[in-house]
Amino acid sequence: MSTNAMPAIQGADTAWMLVSTVLVFLMTMPGIMLFYSGMLRKRNALSIMAQTIAAIGVVTFLWAAVGYSLAFTAGNGWIGGLSKLWAEGLVGPLAGAHPLAPTVPESVFFLFQMAFAIIAFAIVLGATAERMRIGATMLFAALWLLAVYAPIAHWVWHPTGWLANMGHMDFAGGTVVHVVAGASGLAAALACGARRGFGKEPMVPHSLTLTVMGAGLMWAGWFGFNAGSAFEAGTRASGALLVTQVAAGGGALTWGIAEILRRQQMSVLGMATGAIAGLIAITPASGFVGVFGGLCIGAAGAVGCFFAVSHFKRLTGVDDSLDVFALHGVGGLVGTVLTPVFALPGIAPVTATVWVNLTGAVAVMAYAGLMSFFLLKLVQLIIGLRVTAKQEAVGLDLAQHGESAT
């Protein structure tokens, strides 16, 4: 047998990856849908769900058509090739495996990565909630997947990508998902402009119960997100799952303590947000660090995100409706920078320095933000971005979908 032969498909690895894929899909629908919907005003509670479902359809179609090929086939340092258009060769008894996941069928790897692309765009939607037209959302999703997400996934995760060749460490998407979504969300908030009444009238969440239920689903789904990124049912997957839980708990506790110090109360929304902040921060490091590193990164992510959520809108005047940049952009950046600090060579090779990971994260943030802003201005030119003032006053549920949450 050739020494270069691919390892055989393993049933245990395949089963774990199938479970992980389902968990990541659940993070979007219903996880992030409930998390976001509960934080909006009642008249817009369904609109974010409608936009998420529509985006899932668009991303699924284009991932199968061309997105996967651009992200995960050999090309150059910037983009993949076209050898897997329409997921060519992924279905049937002769299908093989991807080099990044050699012990599971490539169709499973394809689906797992599709789930990442879907939730990355779903995160962005929180920045433009309560004012963006669903048609604009769908067109932006298509352009964003091909021009932003697929190239960056190739840069970081494919062996030929320029950041991969630098040694950039991102185990499960701290850069590819969270930094990208945070920068894209900030660009989207700027391109759409503020909601009418922003900073002048209260915009109170209509159901924190829904938000906490969504946070719980995301928390559970994150185990598939991070531990699934090992692409095997082994010690690295179990270690990633362990540090994911530690970081989430540390993030929730840290945020709660910060609230007590600031206003003598520990809120449910704050603790849930702190858990999400810890999960975001540990994502790039989850396959590289031990329990102490996981706790430190989760707590650091919560501290960074707490101050960003508390002050970003007030200082900048940018109406990032659901704090996409303050959570995902800041949390992803903190976790990415700290990954080489706490990475243990006994778990996996440490291929980056803080400078390498910071350089990669800043480059990705700049590209994702600038390209997203350009794409949104293009969408605005073609079909428009925002609903009318009257539709915004009525609420997007009735104005765009003819439905009501109650």
# chains A, B, ... in the order shown; residues from 1 in each chain; ligands from 1

call {"tool": "residues_around", "arguments": {"residues": "segment 66-79 of chain A", "least_positions_apart": "2", "cutoff": "9 Å", "atoms": "only C-alpha atoms", "output": "compact mmCIF listing (two decimals) with all heavy atoms, in the first residue's frame"}}
result
# COMPACT_ATOMS: atom_id res chain seq x y z
N VAL A 59 -27.99 30.41 1.12
CA VAL A 59 -26.64 29.90 1.39
C VAL A 59 -26.54 28.42 1.05
O VAL A 59 -25.54 27.96 0.48
CB VAL A 59 -26.25 30.17 2.86
CG1 VAL A 59 -24.93 29.48 3.20
CG2 VAL A 59 -26.15 31.67 3.11
N PHE A 61 -28.20 26.72 -1.23
CA PHE A 61 -28.17 26.58 -2.69
C PHE A 61 -26.79 26.94 -3.26
O PHE A 61 -26.20 26.18 -4.03
CB PHE A 61 -29.25 27.46 -3.31
CG PHE A 61 -29.20 27.53 -4.81
CD1 PHE A 61 -29.68 26.50 -5.60
CD2 PHE A 61 -28.64 28.64 -5.44
CE1 PHE A 61 -29.63 26.56 -6.98
CE2 PHE A 61 -28.58 28.71 -6.83
CZ PHE A 61 -29.08 27.66 -7.60
N LEU A 62 -26.28 28.09 -2.83
CA LEU A 62 -25.01 28.54 -3.41
C LEU A 62 -23.81 27.78 -2.87
O LEU A 62 -22.79 27.64 -3.56
CB LEU A 62 -24.84 30.05 -3.17
CG LEU A 62 -25.68 30.93 -4.10
CD1 LEU A 62 -25.55 32.38 -3.71
CD2 LEU A 62 -25.26 30.74 -5.55
N TRP A 63 -23.90 27.28 -1.64
CA TRP A 63 -22.81 26.44 -1.12
C TRP A 63 -22.68 25.17 -1.98
O TRP A 63 -21.58 24.76 -2.33
CB TRP A 63 -23.09 26.08 0.33
CG TRP A 63 -21.95 25.37 1.00
CD1 TRP A 63 -21.86 24.05 1.33
CD2 TRP A 63 -20.72 25.96 1.45
NE1 TRP A 63 -20.68 23.77 1.94
CE2 TRP A 63 -19.95 24.92 2.04
CE3 TRP A 63 -20.19 27.25 1.42
CZ2 TRP A 63 -18.68 25.15 2.58
CZ3 TRP A 63 -18.94 27.47 1.95
CH2 TRP A 63 -18.20 26.44 2.52
N ALA A 64 -23.82 24.58 -2.30
CA ALA A 64 -23.80 23.38 -3.14
C ALA A 64 -23.34 23.71 -4.56
O ALA A 64 -22.56 22.95 -5.16
CB ALA A 64 -25.18 22.74 -3.18
N GLY A 81 -10.62 26.38 -6.36
CA GLY A 81 -10.95 26.15 -7.77
C GLY A 81 -12.41 25.80 -7.97
O GLY A 81 -13.25 26.03 -7.09
N LEU A 82 -12.72 25.23 -9.13
CA LEU A 82 -14.10 24.92 -9.51
C LEU A 82 -14.30 23.42 -9.72
O LEU A 82 -15.24 23.00 -10.39
CB LEU A 82 -14.47 25.68 -10.79
CG LEU A 82 -14.38 27.21 -10.71
CD1 LEU A 82 -14.70 27.84 -12.06
CD2 LEU A 82 -15.32 27.76 -9.64
N SER A 83 -13.44 22.62 -9.12
CA SER A 83 -13.52 21.18 -9.36
C SER A 83 -14.68 20.51 -8.63
O SER A 83 -15.02 19.36 -8.95
CB SER A 83 -12.21 20.52 -8.92
OG SER A 83 -11.97 20.73 -7.53
N LYS A 84 -15.31 21.19 -7.66
CA LYS A 84 -16.41 20.60 -6.91
C LYS A 84 -17.72 21.36 -7.11
O LYS A 84 -18.56 21.42 -6.21
CB LYS A 84 -16.06 20.56 -5.42
CG LYS A 84 -14.91 19.63 -5.06
CD LYS A 84 -15.30 18.16 -5.21
CE LYS A 84 -14.15 17.26 -4.76
NZ LYS A 84 -14.50 15.82 -4.88
N LEU A 85 -17.91 21.94 -8.30
CA LEU A 85 -19.18 22.59 -8.59
C LEU A 85 -20.32 21.58 -8.42
O LEU A 85 -20.21 20.43 -8.83
CB LEU A 85 -19.19 23.15 -10.01
CG LEU A 85 -18.24 24.31 -10.31
CD1 LEU A 85 -18.39 24.74 -11.76
CD2 LEU A 85 -18.50 25.49 -9.37
N TRP A 86 -21.41 22.04 -7.80
CA TRP A 86 -22.54 21.18 -7.50
C TRP A 86 -22.12 19.95 -6.71
O TRP A 86 -22.64 18.87 -6.88
CB TRP A 86 -23.31 20.78 -8.77
CG TRP A 86 -23.98 21.94 -9.41
CD1 TRP A 86 -23.65 22.54 -10.60
CD2 TRP A 86 -25.08 22.70 -8.89
NE1 TRP A 86 -24.49 23.61 -10.85
CE2 TRP A 86 -25.38 23.73 -9.82
CE3 TRP A 86 -25.86 22.61 -7.73
CZ2 TRP A 86 -26.40 24.64 -9.62
CZ3 TRP A 86 -26.88 23.52 -7.53
CH2 TRP A 86 -27.13 24.52 -8.47
N ALA A 87 -21.13 20.15 -5.83
CA ALA A 87 -20.66 19.07 -4.95
C ALA A 87 -20.33 17.81 -5.74
O ALA A 87 -20.66 16.70 -5.34
CB ALA A 87 -21.70 18.78 -3.87
N HIS A 98 -12.28 14.40 2.25
CA HIS A 98 -11.50 15.62 2.08
C HIS A 98 -10.21 15.49 2.89
O HIS A 98 -10.21 14.92 3.99
CB HIS A 98 -12.30 16.83 2.55
CG HIS A 98 -11.71 18.14 2.14
ND1 HIS A 98 -10.66 18.73 2.83
CD2 HIS A 98 -12.00 18.98 1.11
CE1 HIS A 98 -10.34 19.87 2.24
NE2 HIS A 98 -11.13 20.05 1.20
N PHE A 110 -18.66 18.41 3.86
CA PHE A 110 -19.38 19.41 3.08
C PHE A 110 -20.55 19.98 3.90
O PHE A 110 -20.73 21.20 3.99
CB PHE A 110 -19.89 18.77 1.79
CG PHE A 110 -20.89 19.57 1.02
CD1 PHE A 110 -20.49 20.43 0.01
CD2 PHE A 110 -22.25 19.44 1.27
CE1 PHE A 110 -21.42 21.15 -0.72
CE2 PHE A 110 -23.19 20.17 0.54
CZ PHE A 110 -22.77 21.03 -0.45
N GLN A 113 -19.38 22.08 7.00
CA GLN A 113 -18.92 23.40 6.61
C GLN A 113 -20.07 24.27 6.10
O GLN A 113 -20.05 25.49 6.28
CB GLN A 113 -17.82 23.28 5.55
CG GLN A 113 -16.54 22.62 6.06
CD GLN A 113 -15.88 23.38 7.19
OE1 GLN A 113 -16.15 24.56 7.40
NE2 GLN A 113 -15.01 22.70 7.92
N MET A 114 -21.08 23.67 5.50
CA MET A 114 -22.28 24.43 5.11
C MET A 114 -22.95 25.02 6.34
O MET A 114 -23.38 26.20 6.33
CB MET A 114 -23.28 23.53 4.38
CG MET A 114 -24.58 24.24 4.02
SD MET A 114 -25.89 23.10 3.54
CE MET A 114 -25.32 22.63 1.90
N LEU A 145 -21.70 35.34 0.61
CA LEU A 145 -21.15 33.99 0.67
C LEU A 145 -20.01 33.82 -0.32
O LEU A 145 -18.95 33.26 0.01
CB LEU A 145 -22.24 32.95 0.37
CG LEU A 145 -21.74 31.50 0.35
CD1 LEU A 145 -21.43 31.01 1.75
CD2 LEU A 145 -22.72 30.58 -0.34
N LEU A 146 -20.20 34.31 -1.54
CA LEU A 146 -19.22 34.10 -2.60
C LEU A 146 -18.02 35.05 -2.51
O LEU A 146 -16.90 34.66 -2.82
CB LEU A 146 -19.89 34.25 -3.96
CG LEU A 146 -21.05 33.27 -4.24
CD1 LEU A 146 -21.62 33.53 -5.63
CD2 LEU A 146 -20.60 31.83 -4.10
N TYR A 149 -17.28 35.13 2.59
CA TYR A 149 -17.07 33.93 3.41
C TYR A 149 -16.20 32.88 2.73
O TYR A 149 -15.24 32.38 3.34
CB TYR A 149 -18.41 33.30 3.81
CG TYR A 149 -18.22 32.15 4.77
CD1 TYR A 149 -18.08 32.39 6.13
CD2 TYR A 149 -18.14 30.84 4.32
CE1 TYR A 149 -17.86 31.34 7.02
CE2 TYR A 149 -17.91 29.80 5.20
CZ TYR A 149 -17.78 30.05 6.55
OH TYR A 149 -17.55 29.01 7.42
N ALA A 150 -16.53 32.51 1.50
CA ALA A 150 -15.77 31.45 0.83
C ALA A 150 -14.29 31.78 0.69
O ALA A 150 -13.43 30.94 1.00
CB ALA A 150 -16.39 31.13 -0.53
N PRO A 151 -13.91 32.99 0.26
CA PRO A 151 -12.48 33.30 0.19
C PRO A 151 -11.78 33.24 1.54
O PRO A 151 -10.68 32.69 1.65
CB PRO A 151 -12.45 34.72 -0.40
CG PRO A 151 -13.74 34.87 -1.11
CD PRO A 151 -14.73 34.08 -0.32
N ILE A 152 -12.41 33.78 2.58
CA ILE A 152 -11.76 33.80 3.88
C ILE A 152 -11.63 32.40 4.45
O ILE A 152 -10.61 32.05 5.05
CB ILE A 152 -12.51 34.75 4.84
CG1 ILE A 152 -12.32 36.20 4.38
CG2 ILE A 152 -12.01 34.58 6.28
CD1 ILE A 152 -13.14 37.22 5.14
N ALA A 153 -12.65 31.56 4.28
CA ALA A 153 -12.53 30.16 4.72
C ALA A 153 -11.35 29.49 4.02
O ALA A 153 -10.61 28.71 4.62
CB ALA A 153 -13.83 29.42 4.43
N HIS A 154 -11.16 29.80 2.74
CA HIS A 154 -10.02 29.24 2.00
C HIS A 154 -8.70 29.78 2.56
O HIS A 154 -7.75 29.00 2.74
CB HIS A 154 -10.16 29.59 0.52
CG HIS A 154 -9.09 28.99 -0.34
ND1 HIS A 154 -9.15 27.70 -0.79
CD2 HIS A 154 -7.92 29.49 -0.82
CE1 HIS A 154 -8.07 27.43 -1.52
NE2 HIS A 154 -7.31 28.51 -1.54
N TRP A 155 -8.62 31.06 2.84
CA TRP A 155 -7.39 31.65 3.37
C TRP A 155 -6.94 30.95 4.65
O TRP A 155 -5.76 30.67 4.84
CB TRP A 155 -7.60 33.13 3.75
CG TRP A 155 -7.96 34.05 2.64
CD1 TRP A 155 -8.06 33.79 1.30
CD2 TRP A 155 -8.28 35.45 2.81
NE1 TRP A 155 -8.43 34.92 0.63
CE2 TRP A 155 -8.58 35.94 1.51
CE3 TRP A 155 -8.36 36.29 3.91
CZ2 TRP A 155 -8.94 37.27 1.31
CZ3 TRP A 155 -8.73 37.62 3.71
CH2 TRP A 155 -9.01 38.10 2.41
N TRP A 157 -8.40 28.02 6.33
CA TRP A 157 -8.55 26.59 6.59
C TRP A 157 -8.01 25.67 5.50
O TRP A 157 -7.69 24.52 5.79
CB TRP A 157 -10.01 26.26 6.86
CG TRP A 157 -10.42 26.60 8.26
CD1 TRP A 157 -9.61 26.71 9.35
CD2 TRP A 157 -11.75 26.86 8.72
NE1 TRP A 157 -10.35 27.02 10.47
CE2 TRP A 157 -11.66 27.12 10.12
CE3 TRP A 157 -13.00 26.91 8.10
CZ2 TRP A 157 -12.79 27.41 10.89
CZ3 TRP A 157 -14.11 27.19 8.88
CH2 TRP A 157 -14.01 27.45 10.25
N HIS A 158 -7.95 26.11 4.27
CA HIS A 158 -7.41 25.22 3.25
C HIS A 158 -5.88 25.29 3.28
O HIS A 158 -5.30 26.37 3.44
CB HIS A 158 -7.92 25.58 1.85
CG HIS A 158 -7.68 24.49 0.86
ND1 HIS A 158 -6.49 24.35 0.18
CD2 HIS A 158 -8.46 23.45 0.45
CE1 HIS A 158 -6.55 23.29 -0.61
NE2 HIS A 158 -7.73 22.73 -0.45
N PRO A 159 -5.19 24.15 3.11
CA PRO A 159 -3.73 24.16 3.20
C PRO A 159 -3.03 25.11 2.23
O PRO A 159 -1.91 25.55 2.50
CB PRO A 159 -3.36 22.70 2.88
CG PRO A 159 -4.55 21.92 3.28
CD PRO A 159 -5.74 22.79 2.99
N THR A 160 -3.70 25.47 1.12
CA THR A 160 -3.08 26.40 0.18
C THR A 160 -3.37 27.87 0.51
O THR A 160 -2.83 28.76 -0.14
CB THR A 160 -3.55 26.11 -1.26
OG1 THR A 160 -4.97 26.31 -1.34
CG2 THR A 160 -3.22 24.68 -1.68
N GLY A 161 -4.23 28.13 1.49
CA GLY A 161 -4.58 29.51 1.84
C GLY A 161 -3.41 30.29 2.40
O GLY A 161 -2.54 29.74 3.09
N TRP A 162 -3.37 31.58 2.15
CA TRP A 162 -2.21 32.37 2.55
C TRP A 162 -2.08 32.49 4.06
O TRP A 162 -0.97 32.49 4.60
CB TRP A 162 -2.22 33.75 1.88
CG TRP A 162 -3.26 34.72 2.32
CD1 TRP A 162 -4.54 34.83 1.88
CD2 TRP A 162 -3.10 35.76 3.30
NE1 TRP A 162 -5.19 35.86 2.51
CE2 TRP A 162 -4.33 36.46 3.38
CE3 TRP A 162 -2.03 36.19 4.10
CZ2 TRP A 162 -4.54 37.54 4.24
CZ3 TRP A 162 -2.23 37.28 4.96
CH2 TRP A 162 -3.47 37.94 5.02
N LEU A 163 -3.19 32.55 4.78
CA LEU A 163 -3.10 32.60 6.23
C LEU A 163 -2.75 31.22 6.81
O LEU A 163 -2.03 31.14 7.81
CB LEU A 163 -4.41 33.11 6.83
CG LEU A 163 -4.64 34.62 6.71
CD1 LEU A 163 -6.01 35.01 7.22
CD2 LEU A 163 -3.56 35.39 7.47
N ALA A 164 -3.25 30.17 6.20
CA ALA A 164 -2.85 28.82 6.63
C ALA A 164 -1.35 28.63 6.48
O ALA A 164 -0.69 28.05 7.35
CB ALA A 164 -3.61 27.77 5.82
N ASN A 165 -0.80 29.15 5.41
CA ASN A 165 0.65 29.03 5.20
C ASN A 165 1.45 29.87 6.18
O ASN A 165 2.63 29.56 6.44
CB ASN A 165 1.00 29.41 3.76
CG ASN A 165 0.65 28.32 2.77
OD1 ASN A 165 0.88 27.15 3.06
ND2 ASN A 165 0.12 28.68 1.63

call {"tool": "select_by_dssp", "arguments": {"residues": "segment 295-344 of chain A", "states": "alpha helix (DSSP H)", "output": "MDAnalysis selection string"}}
result
chainID A and resid 295:316 324 330:342

call {"tool": "atom_distance", "arguments": {"atom1": "atom CA of Gln265 of chain A", "atom2": "atom CA of Ala308 of chain A"}}
result
18.9 Å

call {"tool": "residues_around", "arguments": {"residues": "Val22 of chain A", "least_positions_apart": "5", "cutoff": "9 Å", "atoms": "only C-alpha atoms", "output": "list in words"}}
result
Met17, Met27, Phe112, Ala115, Gly221 and Gly224 of chain A

call {"tool": "closest_residue", "arguments": {"among": "A:Thr137, A:Gln264, A:Ser321, A:Ser404", "to": "Leu40 of chain A", "atoms": "only C-alpha atoms"}}
result
A:Ser321

call {"tool": "residues_around", "arguments": {"residues": "segment 369-384 of chain A", "least_positions_apart": "6", "cutoff": "6 Å", "atoms": "only C-alpha atoms", "output": "compact mmCIF listing (two decimals) with N, CA, C and O atoms, in the first residue's frame"}}
result
# COMPACT_ATOMS: atom_id res chain seq x y z
N ALA A 183 -17.30 41.96 11.71
CA ALA A 183 -16.94 43.04 10.78
C ALA A 183 -18.03 43.27 9.75
O ALA A 183 -18.35 44.42 9.41
N SER A 184 -18.61 42.19 9.25
CA SER A 184 -19.69 42.32 8.26
C SER A 184 -20.92 42.97 8.89
O SER A 184 -21.61 43.77 8.26
N ALA A 187 -20.33 46.70 9.17
CA ALA A 187 -20.50 47.31 7.86
C ALA A 187 -21.98 47.41 7.49
O ALA A 187 -22.43 48.42 6.93

call {"tool": "closest_residue", "arguments": {"among": "A:Gly89, A:Pro205, A:Gly298, A:Gly214", "to": "Ala247 of chain A", "atoms": "only C-alpha atoms"}}
result
A:Gly298

call {"tool": "closest_residue", "arguments": {"among": "A:Phe198, A:Phe140, A:Phe306, A:Phe25", "to": "Ile119 of chain A", "atoms": "only C-alpha atoms"}}
result
A:Phe25

call {"tool": "atom_distance", "arguments": {"atom1": "atom CA of Ser47 of chain A", "atom2": "atom CA of Val394 of chain A"}}
result
12.3 Å

call {"tool": "closest_atom_pairs", "arguments": {"of": "segment 187-254 of chain A", "to": "segment 169-175 of chain A", "cutoff": "10 Å", "atoms": "only C-alpha atoms", "output": "CSV"}}
result
residue,atom,partner,partner_atom,distance
A:Trp222,CA,A:Ala172,CA,9.9
A:Gly224,CA,A:Ala172,CA,10.0
A:Phe225,CA,A:Ala172,CA,6.8
A:Asn226,CA,A:Ala172,CA,5.4
A:Ala227,CA,A:Ala172,CA,8.3
A:Gly228,CA,A:Ala172,CA,8.4
A:Ser229,CA,A:Ala172,CA,5.6
A:Ala230,CA,A:Phe171,CA,8.1
A:Ala240,CA,A:Phe171,CA,9.4

call {"tool": "closest_atom_pairs", "arguments": {"of": "segment 98-175 of chain A", "to": "segment 351-355 of chain A", "cutoff": "8 Å", "atoms": "only C-alpha atoms", "output": "JSON lines"}}
result
{"residue": "A:Met166", "atom": "CA", "partner": "A:Ala352", "partner_atom": "CA", "distance": 7.6}
{"residue": "A:Gly167", "atom": "CA", "partner": "A:Thr351", "partner_atom": "CA", "distance": 4.9}
{"residue": "A:His168", "atom": "CA", "partner": "A:Ala352", "partner_atom": "CA", "distance": 5.5}
{"residue": "A:Met169", "atom": "CA", "partner": "A:Ala352", "partner_atom": "CA", "distance": 6.2}

call {"tool": "closest_atom_pairs", "arguments": {"of": "segment 247-290 of chain A", "to": "segment 329-338 of chain A", "cutoff": "7 Å", "atoms": "only C-alpha atoms", "output": "tab-separated table"}}
result
residue	atom	partner	partner_atom	distance
A:Ala277	CA	A:Gly331	CA	6.0
A:Ile280	CA	A:Gly331	CA	5.7
A:Ala281	CA	A:Gly335	CA	4.0
A:Ile282	CA	A:Gly335	CA	5.7
A:Pro284	CA	A:Thr336	CA	5.8
A:Ala285	CA	A:Gly335	CA	6.8
